[in-house]
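Below: the structure, in structure tokens.
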Amino acid sequence: MTAKSRKTAIKWYAVGTDRWLLLAVVSLLVIGIIMVASSSIAIAEKYNQDPFYYLKRHLVFISLGVFLSGFMVALSTEWMNKLSRLMMVLGLIGLLLIFLPGIGVTVNGAKRWINLGISRFQVVEAVKLALILYLAGYVVRQKMSLQNSMFGVMKPLLLVVVVALLLLMQPDFGSAVLLMIMTLFMIFLAGARYRDLSIISLVAASAMAVIAWAEPYRVKRLVNFIDPWADPYNAGFQLVQALIAVGRGEFGGVGIGGSVQKLFYLPEAHTDFIFAVYAEEFGFFGVMVLIGLFILLIYRMFVESKKAFAHGNEFAGYASAGIGTWLALQALLSMGVNLGMLPTKGLTLPFISSGGSAIMINIVAVAVVLRIAYENRRADLKAIRTRGAS
């Protein structure tokens, strides 16, 4: 390789990386590692005789996520589009396998995992990414139908209804709502008529409200969310402890490892309610830094989406916007639950909470956007060279 070709190769590599996106992801992962170690040390020592049990597990799944990301970064968006339908089919099969004896695993009354022998896998996390990629391909293929007929809008929603029903059988109401909102957003982004979207959104919201009120435990969660202090030692205990943790953090926090609420007061301190422990240890200032990192992450994803549309790669544009919407919604819902602004849902905080399936798929999803960023920069460089040659 000549000196000139080496210089060109380095340049191609450099322009293929969204440094701000990488900075946001790496920063969130580092914060997550610190918080998993801090929030889980007491429970891990008591139940696993190893204070760093959950930290080690967390690091293993981060490593697996990075390993799988290598394949996604190497896969062109053209091939992602071709494989998106197969991914969705595999996701549906995975959701069905959960209900087979010996394969599905039940934890705390919820059947959401499949047994892989060495570990459990929460299928819905992979389904979230598969659905986004499928919808990105669908709206590109059926854009005219989406923009001009109710039937074109209904077809992808029928798929989401099937997925939502399977999730409600687990039960996983939070993920079902999240997938429905994500789908409606991507249909809106594709240019569906406001009339069609309004009607469908009204029907979907009404159906979800009926489903929520049909189960006594969901009604109880809603009532407790409105006034957790009415039953602070029973139904409202988890939210009350989370609010105490947030309040103790004040402006500067009590310091890393200084949380009291994580010491068997706050249930699920290292998973669903890790944000409350973070707020206790890092305070208001730390919370603003964390929110800022999420804003940077989502902003860069939408920047790459806009660039992909500008280069004519519509699938990449919709995929990047869909992934950004998913992570933004899940982060918002998780923080909202911890702050008592939303009813309790079993949703982890992306890149921060302890959890094998979630953290692994979150990293793979970012890898998809990094591939899109690479293709955007490659297209930019090609356009510059074309103008230079002419």
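In the structure tokens, chains take letters A, B, ... by order of appearance, with residues numbered from 1 within each chain and ligands from 1 in the order shown.
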
| field | Contacts of segment 235-246 of chain A at 10 Å (only C-alpha atoms; same-chain gap of 6+ positions) as a PyMOL selection string | value | chain A and resi 217+220-221+223-229+253+259-262+265-269+273-284+287+337-340+343-344

Quick check for you: according to DSSP on this backbone, which residues of segment 151-276 of chain A are classed as alpha helix (DSSP H)? Reply as a tab-separated table (two decimals) with C-alpha atoms, in the first residue's frame.
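Printed below is states_23.tsv as written:
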chain	number	residue	atom	x	y	z
A	151	PHE	CA	-55.67	0.15	4.79
A	152	GLY	CA	-52.00	0.97	4.21
A	153	VAL	CA	-51.78	2.33	7.76
A	154	MET	CA	-53.68	-0.60	9.25
A	155	LYS	CA	-51.45	-3.37	7.86
A	156	PRO	CA	-48.37	-2.71	10.04
A	157	LEU	CA	-50.62	-1.99	13.02
A	158	LEU	CA	-52.20	-5.43	12.71
A	159	LEU	CA	-48.74	-6.93	13.17
A	160	VAL	CA	-48.15	-4.76	16.24
A	161	VAL	CA	-51.53	-5.81	17.65
A	162	VAL	CA	-50.46	-9.46	17.37
A	163	VAL	CA	-47.16	-8.67	19.11
A	164	ALA	CA	-48.98	-6.63	21.78
A	165	LEU	CA	-51.41	-9.50	22.48
A	166	LEU	CA	-48.49	-11.89	22.96
A	167	LEU	CA	-46.88	-9.38	25.33
A	168	LEU	CA	-50.09	-8.89	27.30
A	173	PHE	CA	-48.20	-4.03	29.38
A	174	GLY	CA	-45.39	-1.45	29.38
A	175	SER	CA	-43.59	-2.96	26.37
A	176	ALA	CA	-46.89	-3.33	24.49
A	177	VAL	CA	-47.61	0.40	24.92
A	178	LEU	CA	-44.02	1.28	23.96
A	179	LEU	CA	-44.20	-0.74	20.71
A	180	MET	CA	-47.55	0.82	19.80
A	181	ILE	CA	-46.23	4.37	20.26
A	182	MET	CA	-43.09	3.56	18.27
A	183	THR	CA	-45.17	2.19	15.39
A	184	LEU	CA	-47.49	5.17	15.29
A	185	PHE	CA	-44.50	7.53	15.24
A	186	MET	CA	-42.85	5.73	12.32
A	187	ILE	CA	-46.13	5.74	10.39
A	188	PHE	CA	-46.45	9.47	11.10
A	189	LEU	CA	-42.87	10.01	9.91
A	194	TYR	CA	-53.58	13.05	10.06
A	195	ARG	CA	-57.16	11.80	9.81
A	196	ASP	CA	-56.05	8.16	9.67
A	197	LEU	CA	-53.53	8.62	12.47
A	198	SER	CA	-56.02	10.42	14.69
A	199	ILE	CA	-58.65	7.70	14.34
A	200	ILE	CA	-56.17	4.87	14.90
A	201	SER	CA	-54.50	6.64	17.83
A	202	LEU	CA	-57.88	7.20	19.48
A	203	VAL	CA	-58.86	3.54	19.03
A	204	ALA	CA	-55.45	2.32	20.27
A	205	ALA	CA	-55.51	4.60	23.32
A	206	SER	CA	-59.06	3.50	24.17
A	207	ALA	CA	-58.14	-0.17	23.83
A	208	MET	CA	-55.08	0.24	26.06
A	209	ALA	CA	-57.17	2.09	28.65
A	210	VAL	CA	-59.75	-0.73	28.71
A	211	ILE	CA	-56.98	-3.33	29.02
A	212	ALA	CA	-55.35	-1.38	31.83
A	213	TRP	CA	-58.59	-1.10	33.79
A	214	ALA	CA	-59.54	-4.74	33.15
A	216	PRO	CA	-57.13	-5.15	39.19
A	217	TYR	CA	-53.35	-5.03	39.72
A	218	ARG	CA	-52.99	-2.42	36.94
A	219	VAL	CA	-55.75	-0.31	38.49
A	220	LYS	CA	-53.96	-0.62	41.82
A	221	ARG	CA	-50.73	0.60	40.23
A	222	LEU	CA	-52.51	3.62	38.79
A	223	VAL	CA	-54.11	4.50	42.12
A	224	ASN	CA	-50.80	4.08	43.94
A	225	PHE	CA	-49.03	6.23	41.36
A	226	ILE	CA	-51.48	9.08	42.01
A	237	PHE	CA	-43.84	1.13	49.12
A	238	GLN	CA	-41.65	0.92	46.00
A	239	LEU	CA	-42.51	4.39	44.70
A	240	VAL	CA	-42.25	5.96	48.16
A	241	GLN	CA	-38.74	4.53	48.60
A	242	ALA	CA	-37.77	5.79	45.14
A	243	LEU	CA	-38.99	9.30	45.96
A	244	ILE	CA	-37.08	9.22	49.26
A	245	ALA	CA	-33.93	8.27	47.34
A	246	VAL	CA	-34.40	11.11	44.85
A	247	GLY	CA	-35.05	13.58	47.67
A	248	ARG	CA	-31.95	12.53	49.62
A	249	GLY	CA	-29.77	13.33	46.59
A	274	ILE	CA	-31.59	2.30	39.32
A	275	PHE	CA	-32.30	5.91	38.31
A	276	ALA	CA	-33.55	6.65	41.85

| message | I need the residues of segment 90-315 of chain A that end up classed as strand (DSSP E) by DSSP on the backbone, written out as an MDAnalysis selection string. | response | chainID A and resid 104:107 110:115 120:122
